[in-house]
>>> print(open('entry_19.cif').read())   # mmCIF, C-alpha atoms
data_model
loop_
_atom_site.group_PDB
_atom_site.id
_atom_site.type_symbol
_atom_site.label_atom_id
_atom_site.label_comp_id
_atom_site.auth_asym_id
_atom_site.auth_seq_id
_atom_site.Cartn_x
_atom_site.Cartn_y
_atom_site.Cartn_z
ATOM 1 C CA MET A 1 -167.534 -163.505 70.491
ATOM 2 C CA ALA A 2 -164.743 -166.080 70.101
ATOM 3 C CA ASP A 3 -166.848 -167.795 67.445
ATOM 4 C CA GLU A 4 -166.915 -164.635 65.369
ATOM 5 C CA MET A 5 -163.137 -164.196 65.420
ATOM 6 C CA LEU A 6 -161.596 -164.362 61.942
ATOM 7 C CA TYR A 7 -158.513 -166.550 61.466
ATOM 8 C CA TYR A 8 -156.240 -167.148 58.459
ATOM 9 C CA GLU A 9 -158.566 -169.918 57.254
ATOM 10 C CA ASP A 10 -161.464 -167.445 56.960
ATOM 11 C CA PHE A 11 -159.686 -165.224 54.435
ATOM 12 C CA GLU A 12 -160.587 -167.167 51.300
ATOM 13 C CA GLU A 13 -159.439 -165.746 47.970
ATOM 14 C CA GLY A 14 -162.132 -163.377 46.679
ATOM 15 C CA ARG A 15 -163.772 -162.736 50.064
ATOM 16 C CA GLU A 16 -164.835 -159.105 50.456
ATOM 17 C CA PHE A 17 -165.314 -156.810 53.449
ATOM 18 C CA ILE A 18 -167.149 -153.477 53.162
ATOM 19 C CA SER A 19 -166.771 -150.751 55.805
ATOM 20 C CA ALA A 20 -169.318 -148.285 57.099
ATOM 21 C CA GLU A 21 -169.315 -144.793 55.565
ATOM 22 C CA ARG A 22 -167.352 -141.916 57.047
ATOM 23 C CA THR A 23 -167.598 -138.203 56.276
ATOM 24 C CA VAL A 24 -164.339 -136.266 56.537
ATOM 25 C CA SER A 25 -164.487 -132.670 57.767
ATOM 26 C CA ALA A 26 -162.317 -129.684 56.862
ATOM 27 C CA GLU A 27 -161.228 -129.546 60.534
ATOM 28 C CA GLU A 28 -159.900 -133.132 60.425
ATOM 29 C CA ILE A 29 -158.072 -132.485 57.142
ATOM 30 C CA ILE A 30 -156.409 -129.357 58.520
ATOM 31 C CA ALA A 31 -155.504 -131.017 61.858
ATOM 32 C CA PHE A 32 -153.784 -133.974 60.153
ATOM 33 C CA ALA A 33 -151.992 -131.758 57.631
ATOM 34 C CA SER A 34 -150.789 -129.329 60.316
ATOM 35 C CA GLU A 35 -149.051 -132.203 62.070
ATOM 36 C CA PHE A 36 -147.800 -134.364 59.191
ATOM 37 C CA ASP A 37 -148.088 -132.734 55.752
ATOM 38 C CA PRO A 38 -148.448 -128.929 55.922
ATOM 39 C CA GLN A 39 -148.666 -128.255 52.178
ATOM 40 C CA PRO A 40 -150.952 -125.283 51.364
ATOM 41 C CA MET A 41 -153.649 -127.326 49.529
ATOM 42 C CA HIS A 42 -154.098 -129.455 52.669
ATOM 43 C CA LEU A 43 -154.401 -126.428 55.000
ATOM 44 C CA ASP A 44 -156.325 -123.739 53.199
ATOM 45 C CA GLU A 45 -159.507 -123.649 51.105
ATOM 46 C CA ALA A 46 -158.261 -120.967 48.701
ATOM 47 C CA ALA A 47 -154.915 -122.726 48.147
ATOM 48 C CA GLY A 48 -156.770 -126.008 47.547
ATOM 49 C CA LYS A 49 -159.073 -124.389 44.983
ATOM 50 C CA ALA A 50 -156.068 -122.864 43.185
ATOM 51 C CA SER A 51 -154.279 -126.260 43.013
ATOM 52 C CA ILE A 52 -155.026 -129.119 40.598
ATOM 53 C CA LEU A 53 -156.901 -130.803 43.486
ATOM 54 C CA GLY A 54 -159.790 -128.309 43.200
ATOM 55 C CA GLY A 55 -160.538 -127.740 46.897
ATOM 56 C CA LEU A 56 -159.289 -128.161 50.456
ATOM 57 C CA SER A 57 -158.062 -131.730 50.168
ATOM 58 C CA GLY A 58 -156.645 -134.277 52.581
ATOM 59 C CA SER A 59 -153.013 -135.423 52.501
ATOM 60 C CA GLY A 60 -152.533 -138.801 50.817
ATOM 61 C CA TRP A 61 -151.234 -139.997 54.189
ATOM 62 C CA HIS A 62 -154.470 -138.859 55.810
ATOM 63 C CA MET A 63 -156.441 -140.944 53.253
ATOM 64 C CA SER A 64 -154.232 -143.936 54.014
ATOM 65 C CA SER A 65 -154.605 -143.483 57.782
ATOM 66 C CA LEU A 66 -158.397 -143.140 57.479
ATOM 67 C CA ALA A 67 -158.418 -146.325 55.364
ATOM 68 C CA MET A 68 -156.465 -148.047 58.169
ATOM 69 C CA ARG A 69 -159.135 -146.994 60.677
ATOM 70 C CA LEU A 70 -161.939 -148.323 58.458
ATOM 71 C CA PHE A 71 -159.915 -151.545 57.963
ATOM 72 C CA PHE A 72 -159.493 -151.833 61.747
ATOM 73 C CA ASP A 73 -163.206 -151.328 62.440
ATOM 74 C CA THR A 74 -164.310 -153.727 59.692
ATOM 75 C CA VAL A 75 -161.694 -156.507 59.766
ATOM 76 C CA ILE A 76 -158.746 -156.220 62.164
ATOM 77 C CA SER A 77 -160.790 -155.653 65.340
ATOM 78 C CA LYS A 78 -162.475 -159.035 64.688
ATOM 79 C CA SER A 79 -159.373 -160.902 63.514
ATOM 80 C CA ALA A 80 -156.454 -162.860 64.918
ATOM 81 C CA GLY A 81 -154.125 -160.315 63.326
ATOM 82 C CA GLU A 82 -150.368 -160.189 63.871
ATOM 83 C CA GLY A 83 -149.661 -156.893 62.098
ATOM 84 C CA GLY A 84 -148.392 -156.237 58.597
ATOM 85 C CA PRO A 85 -144.883 -155.997 57.106
ATOM 86 C CA GLY A 86 -145.641 -153.176 54.668
ATOM 87 C CA ILE A 87 -147.424 -152.132 51.476
ATOM 88 C CA ASP A 88 -147.004 -153.660 47.993
ATOM 89 C CA PHE A 89 -148.187 -150.460 46.276
ATOM 90 C CA MET A 90 -150.506 -147.542 46.959
ATOM 91 C CA GLU A 91 -152.180 -145.178 44.475
ATOM 92 C CA TRP A 92 -153.747 -141.827 45.394
ATOM 93 C CA ARG A 93 -156.095 -141.509 42.425
ATOM 94 C CA LYS A 94 -158.500 -138.684 43.303
ATOM 95 C CA PRO A 95 -158.400 -135.902 45.907
ATOM 96 C CA LEU A 96 -160.211 -136.334 49.229
ATOM 97 C CA ILE A 97 -162.165 -133.070 49.428
ATOM 98 C CA ALA A 98 -163.494 -131.678 52.740
ATOM 99 C CA GLY A 99 -167.047 -132.973 53.255
ATOM 100 C CA ASP A 100 -166.518 -136.138 51.159
ATOM 101 C CA THR A 101 -168.002 -139.391 52.452
ATOM 102 C CA ILE A 102 -165.713 -142.386 52.029
ATOM 103 C CA ARG A 103 -166.095 -146.150 52.292
ATOM 104 C CA LEU A 104 -163.475 -148.925 52.217
ATOM 105 C CA ASN A 105 -163.787 -152.151 50.249
ATOM 106 C CA VAL A 106 -161.232 -154.881 51.056
ATOM 107 C CA LYS A 107 -160.819 -157.993 48.905
ATOM 108 C CA VAL A 108 -158.611 -161.031 49.520
ATOM 109 C CA LYS A 109 -156.221 -161.488 46.562
ATOM 110 C CA SER A 110 -154.074 -164.426 47.734
ATOM 111 C CA ARG A 111 -152.722 -166.164 50.839
ATOM 112 C CA ARG A 112 -149.964 -168.515 51.934
ATOM 113 C CA PRO A 113 -148.640 -170.022 55.171
ATOM 114 C CA LEU A 114 -145.460 -168.345 56.473
ATOM 115 C CA ALA A 115 -142.627 -170.879 56.503
ATOM 116 C CA SER A 116 -140.678 -168.724 58.967
ATOM 117 C CA ARG A 117 -143.527 -168.534 61.507
ATOM 118 C CA PRO A 118 -145.519 -171.769 61.945
ATOM 119 C CA GLY A 119 -149.190 -171.162 62.729
ATOM 120 C CA ILE A 120 -149.185 -167.795 60.946
ATOM 121 C CA GLY A 121 -150.229 -167.066 57.369
ATOM 122 C CA LEU A 122 -149.811 -164.069 55.069
ATOM 123 C CA VAL A 123 -153.022 -162.765 53.466
ATOM 124 C CA THR A 124 -152.647 -160.223 50.654
ATOM 125 C CA MET A 125 -155.615 -157.872 50.293
ATOM 126 C CA GLU A 126 -156.613 -155.099 47.913
ATOM 127 C CA HIS A 127 -157.949 -151.971 49.655
ATOM 128 C CA LEU A 128 -160.164 -149.647 47.643
ATOM 129 C CA LEU A 129 -161.379 -146.327 49.076
ATOM 130 C CA THR A 130 -164.310 -144.750 47.210
ATOM 131 C CA ASN A 131 -166.151 -141.443 47.686
ATOM 132 C CA GLN A 132 -169.885 -140.578 47.565
ATOM 133 C CA LYS A 133 -169.706 -140.273 43.747
ATOM 134 C CA GLY A 134 -168.359 -143.831 43.490
ATOM 135 C CA GLU A 135 -164.942 -142.540 42.398
ATOM 136 C CA LYS A 136 -161.860 -144.559 43.384
ATOM 137 C CA VAL A 137 -159.979 -142.227 45.717
ATOM 138 C CA MET A 138 -157.224 -144.610 46.854
ATOM 139 C CA ARG A 139 -156.166 -148.129 45.917
ATOM 140 C CA MET A 140 -153.520 -150.195 47.648
ATOM 141 C CA GLN A 141 -152.392 -153.762 48.052
ATOM 142 C CA ALA A 142 -150.917 -154.983 51.307
ATOM 143 C CA PRO A 143 -150.184 -158.261 53.097
ATOM 144 C CA ALA A 144 -151.359 -158.930 56.661
ATOM 145 C CA MET A 145 -150.265 -161.686 59.056
ATOM 146 C CA LEU A 146 -153.053 -163.781 60.580
ATOM 147 C CA ARG A 147 -152.933 -166.618 63.084
ATOM 148 C CA MET A 148 -154.348 -169.952 61.977
ATOM 149 C CA ARG A 149 -157.386 -171.388 63.766
ATOM 150 C CA GLN A 150 -155.786 -174.826 63.579
ATOM 151 C CA ALA A 151 -152.716 -173.576 65.455
ATOM 152 C CA GLN A 152 -154.938 -172.167 68.216
ATOM 153 C CA THR A 153 -156.559 -175.597 68.626
ATOM 154 C CA VAL A 154 -153.212 -177.374 68.793
ATOM 155 C CA GLU A 155 -152.065 -174.932 71.477
ATOM 156 C CA ALA A 156 -155.288 -175.310 73.481
ATOM 157 C CA CYS A 157 -154.868 -179.121 73.506
ATOM 158 C CA ARG A 158 -151.317 -179.048 74.858
ATOM 159 C CA MET B 159 -135.347 -117.413 48.865
ATOM 160 C CA ALA B 160 -136.334 -117.989 45.210
ATOM 161 C CA ASP B 161 -132.712 -118.915 44.507
ATOM 162 C CA GLU B 162 -132.872 -121.710 47.060
ATOM 163 C CA MET B 163 -136.031 -123.283 45.587
ATOM 164 C CA LEU B 164 -135.448 -126.810 44.295
ATOM 165 C CA TYR B 165 -136.809 -127.676 40.844
ATOM 166 C CA TYR B 166 -136.915 -130.935 38.861
ATOM 167 C CA GLU B 167 -133.456 -130.195 37.460
ATOM 168 C CA ASP B 168 -131.967 -130.155 40.992
ATOM 169 C CA PHE B 169 -132.981 -133.752 41.752
ATOM 170 C CA GLU B 170 -129.995 -135.473 40.154
ATOM 171 C CA GLU B 171 -129.792 -139.257 40.428
ATOM 172 C CA GLY B 172 -127.959 -140.144 43.651
ATOM 173 C CA ARG B 173 -128.546 -136.794 45.394
ATOM 174 C CA GLU B 174 -129.297 -137.261 49.105
ATOM 175 C CA PHE B 175 -131.235 -135.237 51.656
ATOM 176 C CA ILE B 176 -130.933 -135.883 55.401
ATOM 177 C CA SER B 177 -133.542 -134.650 57.881
ATOM 178 C CA ALA B 178 -133.106 -133.378 61.415
ATOM 179 C CA GLU B 179 -133.681 -135.856 64.254
ATOM 180 C CA ARG B 180 -137.046 -136.254 65.946
ATOM 181 C CA THR B 181 -137.876 -138.046 69.188
ATOM 182 C CA VAL B 182 -141.299 -139.706 69.291
ATOM 183 C CA SER B 183 -143.148 -139.765 72.632
ATOM 184 C CA ALA B 184 -145.549 -142.345 74.047
ATOM 185 C CA GLU B 185 -148.247 -139.654 74.050
ATOM 186 C CA GLU B 186 -147.882 -139.047 70.302
ATOM 187 C CA ILE B 187 -147.957 -142.801 69.585
ATOM 188 C CA ILE B 188 -151.135 -143.263 71.629
ATOM 189 C CA ALA B 189 -152.845 -140.188 70.142
ATOM 190 C CA PHE B 190 -152.239 -141.323 66.553
ATOM 191 C CA ALA B 191 -153.253 -144.919 67.282
ATOM 192 C CA SER B 192 -156.434 -143.850 69.104
ATOM 193 C CA GLU B 193 -157.562 -142.055 65.981
ATOM 194 C CA PHE B 194 -156.314 -144.299 63.163
ATOM 195 C CA ASP B 195 -155.035 -147.707 64.327
ATOM 196 C CA PRO B 196 -156.273 -148.678 67.811
ATOM 197 C CA GLN B 197 -154.528 -152.052 68.073
ATOM 198 C CA PRO B 198 -153.446 -152.863 71.667
ATOM 199 C CA MET B 199 -149.672 -152.755 70.991
ATOM 200 C CA HIS B 200 -150.041 -149.157 69.738
ATOM 201 C CA LEU B 201 -152.104 -148.032 72.778
ATOM 202 C CA ASP B 202 -150.718 -149.746 75.825
ATOM 203 C CA GLU B 203 -147.225 -150.377 77.232
ATOM 204 C CA ALA B 204 -148.052 -153.823 78.662
ATOM 205 C CA ALA B 205 -149.743 -154.991 75.444
ATOM 206 C CA GLY B 206 -146.753 -153.733 73.448
ATOM 207 C CA LYS B 207 -144.298 -155.615 75.684
ATOM 208 C CA ALA B 208 -146.366 -158.794 75.308
ATOM 209 C CA SER B 209 -146.393 -158.500 71.487
ATOM 210 C CA ILE B 210 -143.549 -159.358 69.091
ATOM 211 C CA LEU B 211 -142.839 -155.600 68.871
ATOM 212 C CA GLY B 212 -141.381 -155.566 72.390
ATOM 213 C CA GLY B 213 -142.818 -152.300 73.705
ATOM 214 C CA LEU B 214 -145.371 -149.543 73.162
ATOM 215 C CA SER B 215 -144.852 -149.084 69.433
ATOM 216 C CA GLY B 216 -146.187 -146.698 66.804
ATOM 217 C CA SER B 217 -148.551 -147.761 64.035
ATOM 218 C CA GLY B 218 -146.837 -148.293 60.672
ATOM 219 C CA TRP B 219 -149.050 -145.473 59.388
ATOM 220 C CA HIS B 220 -147.723 -143.214 62.140
ATOM 221 C CA MET B 221 -144.141 -143.989 61.014
ATOM 222 C CA SER B 222 -145.108 -143.185 57.433
ATOM 223 C CA SER B 223 -146.836 -139.948 58.431
ATOM 224 C CA LEU B 224 -143.832 -138.880 60.548
ATOM 225 C CA ALA B 225 -141.577 -139.661 57.571
ATOM 226 C CA MET B 226 -143.830 -137.400 55.450
ATOM 227 C CA ARG B 227 -143.352 -134.574 57.949
ATOM 228 C CA LEU B 228 -139.570 -134.986 57.919
ATOM 229 C CA PHE B 229 -139.699 -135.121 54.084
ATOM 230 C CA PHE B 230 -141.768 -131.912 54.064
ATOM 231 C CA ASP B 231 -139.389 -130.083 56.402
ATOM 232 C CA THR B 232 -136.257 -131.240 54.546
ATOM 233 C CA VAL B 233 -137.294 -131.256 50.871
ATOM 234 C CA ILE B 234 -140.891 -130.392 49.952
ATOM 235 C CA SER B 235 -141.058 -127.065 51.810
ATOM 236 C CA LYS B 236 -138.145 -125.873 49.639
ATOM 237 C CA SER B 237 -139.287 -127.437 46.372
ATOM 238 C CA ALA B 238 -141.533 -126.678 43.412
ATOM 239 C CA GLY B 239 -143.543 -129.781 44.316
ATOM 240 C CA GLU B 240 -146.798 -130.769 42.619
ATOM 241 C CA GLY B 241 -147.738 -133.669 44.921
ATOM 242 C CA GLY B 242 -147.256 -137.395 44.469
ATOM 243 C CA PRO B 243 -149.393 -140.087 42.792
ATOM 244 C CA GLY B 244 -148.676 -142.838 45.346
ATOM 245 C CA ILE B 245 -146.105 -145.269 46.735
ATOM 246 C CA ASP B 246 -144.162 -147.928 44.796
ATOM 247 C CA PHE B 247 -143.614 -150.001 47.949
ATOM 248 C CA MET B 248 -143.224 -149.520 51.700
ATOM 249 C CA GLU B 249 -141.588 -151.795 54.273
ATOM 250 C CA TRP B 250 -142.080 -151.505 58.043
ATOM 251 C CA ARG B 251 -138.914 -153.304 59.114
ATOM 252 C CA LYS B 252 -138.526 -152.553 62.847
ATOM 253 C CA PRO B 253 -140.924 -151.250 65.495
ATOM 254 C CA LEU B 254 -140.945 -147.554 66.377
ATOM 255 C CA ILE B 255 -140.751 -147.720 70.182
ATOM 256 C CA ALA B 256 -141.843 -144.831 72.433
ATOM 257 C CA GLY B 257 -138.817 -142.613 73.101
ATOM 258 C CA ASP B 258 -137.020 -143.575 69.860
ATOM 259 C CA THR B 259 -135.243 -140.831 67.922
ATOM 260 C CA ILE B 260 -135.705 -141.073 64.166
ATOM 261 C CA ARG B 261 -134.115 -139.464 61.127
ATOM 262 C CA LEU B 262 -135.077 -139.600 57.442
ATOM 263 C CA ASN B 263 -132.654 -140.127 54.568
ATOM 264 C CA VAL B 264 -134.010 -139.492 51.059
ATOM 265 C CA LYS B 265 -132.106 -140.471 47.919
ATOM 266 C CA VAL B 266 -132.987 -139.789 44.279
ATOM 267 C CA LYS B 267 -133.242 -143.096 42.375
ATOM 268 C CA SER B 268 -134.389 -141.929 38.915
ATOM 269 C CA ARG B 269 -136.314 -139.177 37.129
ATOM 270 C CA ARG B 270 -138.111 -138.498 33.868
ATOM 271 C CA PRO B 271 -140.186 -135.708 32.267
ATOM 272 C CA LEU B 272 -143.952 -136.340 32.329
ATOM 273 C CA ALA B 273 -145.239 -136.536 28.733
ATOM 274 C CA SER B 274 -148.796 -135.863 29.951
ATOM 275 C CA ARG B 275 -147.860 -132.658 31.817
ATOM 276 C CA PRO B 276 -145.291 -130.467 30.019
ATOM 277 C CA GLY B 277 -143.013 -128.598 32.420
ATOM 278 C CA ILE B 278 -143.405 -131.255 35.133
ATOM 279 C CA GLY B 279 -141.119 -134.198 35.880
ATOM 280 C CA LEU B 280 -141.462 -137.316 37.992
ATOM 281 C CA VAL B 281 -138.651 -137.912 40.510
ATOM 282 C CA THR B 282 -138.540 -141.330 42.195
ATOM 283 C CA MET B 283 -136.920 -141.294 45.638
ATOM 284 C CA GLU B 284 -136.022 -143.892 48.259
ATOM 285 C CA HIS B 285 -137.013 -142.901 51.803
ATOM 286 C CA LEU B 286 -135.173 -144.556 54.667
ATOM 287 C CA LEU B 287 -136.177 -143.963 58.294
ATOM 288 C CA THR B 288 -133.566 -144.976 60.880
ATOM 289 C CA ASN B 289 -133.590 -144.967 64.693
ATOM 290 C CA GLN B 290 -130.936 -143.930 67.234
ATOM 291 C CA LYS B 291 -129.317 -147.410 66.977
ATOM 292 C CA GLY B 292 -128.896 -146.978 63.217
ATOM 293 C CA GLU B 293 -131.552 -149.639 62.546
ATOM 294 C CA LYS B 294 -133.677 -149.288 59.408
ATOM 295 C CA VAL B 295 -137.187 -148.750 60.772
ATOM 296 C CA MET B 296 -138.990 -148.031 57.500
ATOM 297 C CA ARG B 297 -138.042 -148.063 53.833
ATOM 298 C CA MET B 298 -140.164 -146.919 50.956
ATOM 299 C CA GLN B 299 -139.901 -145.812 47.360
ATOM 300 C CA ALA B 300 -142.191 -143.155 45.962
ATOM 301 C CA PRO B 301 -142.400 -140.806 42.973
ATOM 302 C CA ALA B 302 -142.976 -137.061 43.381
ATOM 303 C CA MET B 303 -143.961 -134.495 40.740
ATOM 304 C CA LEU B 304 -141.715 -131.423 40.462
ATOM 305 C CA ARG B 305 -141.970 -128.360 38.236
ATOM 306 C CA MET B 306 -139.036 -127.684 35.910
ATOM 307 C CA ARG B 307 -136.990 -124.500 36.354
ATOM 308 C CA GLN B 308 -136.843 -124.174 32.578
ATOM 309 C CA ALA B 309 -140.655 -124.117 32.360
ATOM 310 C CA GLN B 310 -140.777 -121.334 34.968
ATOM 311 C CA THR B 311 -138.402 -119.263 32.835
ATOM 312 C CA VAL B 312 -140.411 -119.811 29.663
ATOM 313 C CA GLU B 313 -143.554 -118.726 31.496
ATOM 314 C CA ALA B 314 -141.882 -115.633 32.947
ATOM 315 C CA CYS B 315 -140.764 -114.569 29.443
ATOM 316 C CA ARG B 316 -144.243 -114.776 27.900
#
>>> encode(input="entry_19.cif", output="structure tokens")
Amino acid sequence: MADEMLYYEDFEEGREFISAERTVSAEEIIAFASEFDPQPMHLDEAAGKASILGGLSGSGWHMSSLAMRLFFDTVISKSAGEGGPGIDFMEWRKPLIAGDTIRLNVKVKSRRPLASRPGIGLVTMEHLLTNQKGEKVMRMQAPAMLRMRQAQTVEACR
Amino acid sequence: MADEMLYYEDFEEGREFISAERTVSAEEIIAFASEFDPQPMHLDEAAGKASILGGLSGSGWHMSSLAMRLFFDTVISKSAGEGGPGIDFMEWRKPLIAGDTIRLNVKVKSRRPLASRPGIGLVTMEHLLTNQKGEKVMRMQAPAMLRMRQAQTVEACR
């Protein structure tokens, strides 16, 4: 288990992680929207069909939160992560329609040690959410903080 | 009611909107994290205290989703909104600790008509989430699409 843990050093530029698939139901879309983004096209099939989105469609924030869960399951749960300071940019490119099956692809864009926090590095990744038609639903770029394996060793030897 | 509707023309540069306050419970933080971001500091008081966040703290995506709800209640529910294409940037600056009371401040930064969609304009706003100590918890900048009042009139006269 400890051997499989991913540290800063393991996030080489260009490395990719691909999540499992996940199908999103109308019930999930409506539950999220009721709490956080109760616009008609996120709550009601007829309103969604009448909008430019073309159907009952998830809030952009629901897409982003689902992408976080796929990122957690695929990368963060196996990593020496220290959280993230924010998002460089995020694009909601296509609607997430009830019944769609999504998948997350994460690619390492760049990385650098954090001068302010020795033993921690910042890894910038591109997150791409696609649907069952291969359409790009959401794209974002965000940095994450990861502990260095080397730092762990130094600490263990103290 | 129709008189109070906000159109593109009403989003003058510098105009501010301030939300009501909202207190965020430990139960809400744990429920969101269980579904979308099950990292220990978002699920458990002891793990939160042991982390750099200093207590049971909400996921960044929970902060963003709560900010969306405050934005909906304060602006979008009264506006001729046509959705948003994404986020220019987002910064999670301070933890959202269980029991914190937050408030959203939204300020219009710039606006322009959309050449690709006549009668619609893009309004870029800064969103600032603060806590009961006046600390900036989250800051983001995002564009929103708004219908023009003028376009409504032209359509009504056809």
>>> residues_around(input="entry_19.cif", residues="B:Ala191", least_positions_apart="4", cutoff="10 Å", atoms="all atoms listed in the file", output="JSON, numbers by chain")
{"A": [65, 69], "B": [185, 186, 187, 195, 196, 197, 198, 199, 200, 201, 215, 216, 217, 218, 219, 220]}
>>> residues_around(input="entry_19.cif", residues="B:Met296", least_positions_apart="3", cutoff="9 Å", atoms="only C-alpha atoms", output="NGL selection string")
(:A and (86)) or (:B and (218 or 221-222 or 225 or 248-253 or 285-288))
>>> closest_residue(input="entry_19.cif", among="B:Ser183, B:Ser274, B:Ser209, B:Ser177", to="chain A", atoms="only C-alpha atoms")
B:Ser209
>>> residues_near_point(input="entry_19.cif", point="(-158.6, -171.2, 52.8)", cutoff="12 Å", atoms="only C-alpha atoms", output="VMD selection string")
chain A and resid 6 to 15 108 to 113 121 to 123 148 to 150
>>> resolve_selection(input="entry_19.cif", expression="the PyMOL selection byres ((chain A and resi 134) around 12)", output="VMD selection string")
chain A and resid 94 100 to 105 128 to 133 135 to 138
>>> resolve_selection(input="entry_19.cif", expression="the PyMOL selection byres ((chain A and resi 82) around 10)", output="PDB file with C-alpha atoms, keeping the file's coordinate frame")
ATOM      1  CA  ILE A  76    -158.746-156.220  62.164  1.00  0.00           C
ATOM      2  CA  SER A  79    -159.373-160.902  63.514  1.00  0.00           C
ATOM      3  CA  ALA A  80    -156.454-162.860  64.918  1.00  0.00           C
ATOM      4  CA  GLY A  81    -154.125-160.315  63.326  1.00  0.00           C
ATOM      5  CA  GLY A  83    -149.661-156.893  62.098  1.00  0.00           C
ATOM      6  CA  GLY A  84    -148.392-156.237  58.597  1.00  0.00           C
ATOM      7  CA  PRO A  85    -144.883-155.997  57.106  1.00  0.00           C
ATOM      8  CA  ILE A 120    -149.185-167.795  60.946  1.00  0.00           C
ATOM      9  CA  GLY A 121    -150.229-167.066  57.369  1.00  0.00           C
ATOM     10  CA  LEU A 122    -149.811-164.069  55.069  1.00  0.00           C
ATOM     11  CA  ALA A 144    -151.359-158.930  56.661  1.00  0.00           C
ATOM     12  CA  MET A 145    -150.265-161.686  59.056  1.00  0.00           C
ATOM     13  CA  LEU A 146    -153.053-163.781  60.580  1.00  0.00           C
ATOM     14  CA  ARG A 147    -152.933-166.618  63.084  1.00  0.00           C
TER      15      ARG A 147
ATOM     16  CA  SER B 209    -146.393-158.500  71.487  1.00  0.00           C
ATOM     17  CA  ILE B 210    -143.549-159.358  69.091  1.00  0.00           C
TER      18      ILE B 210
END
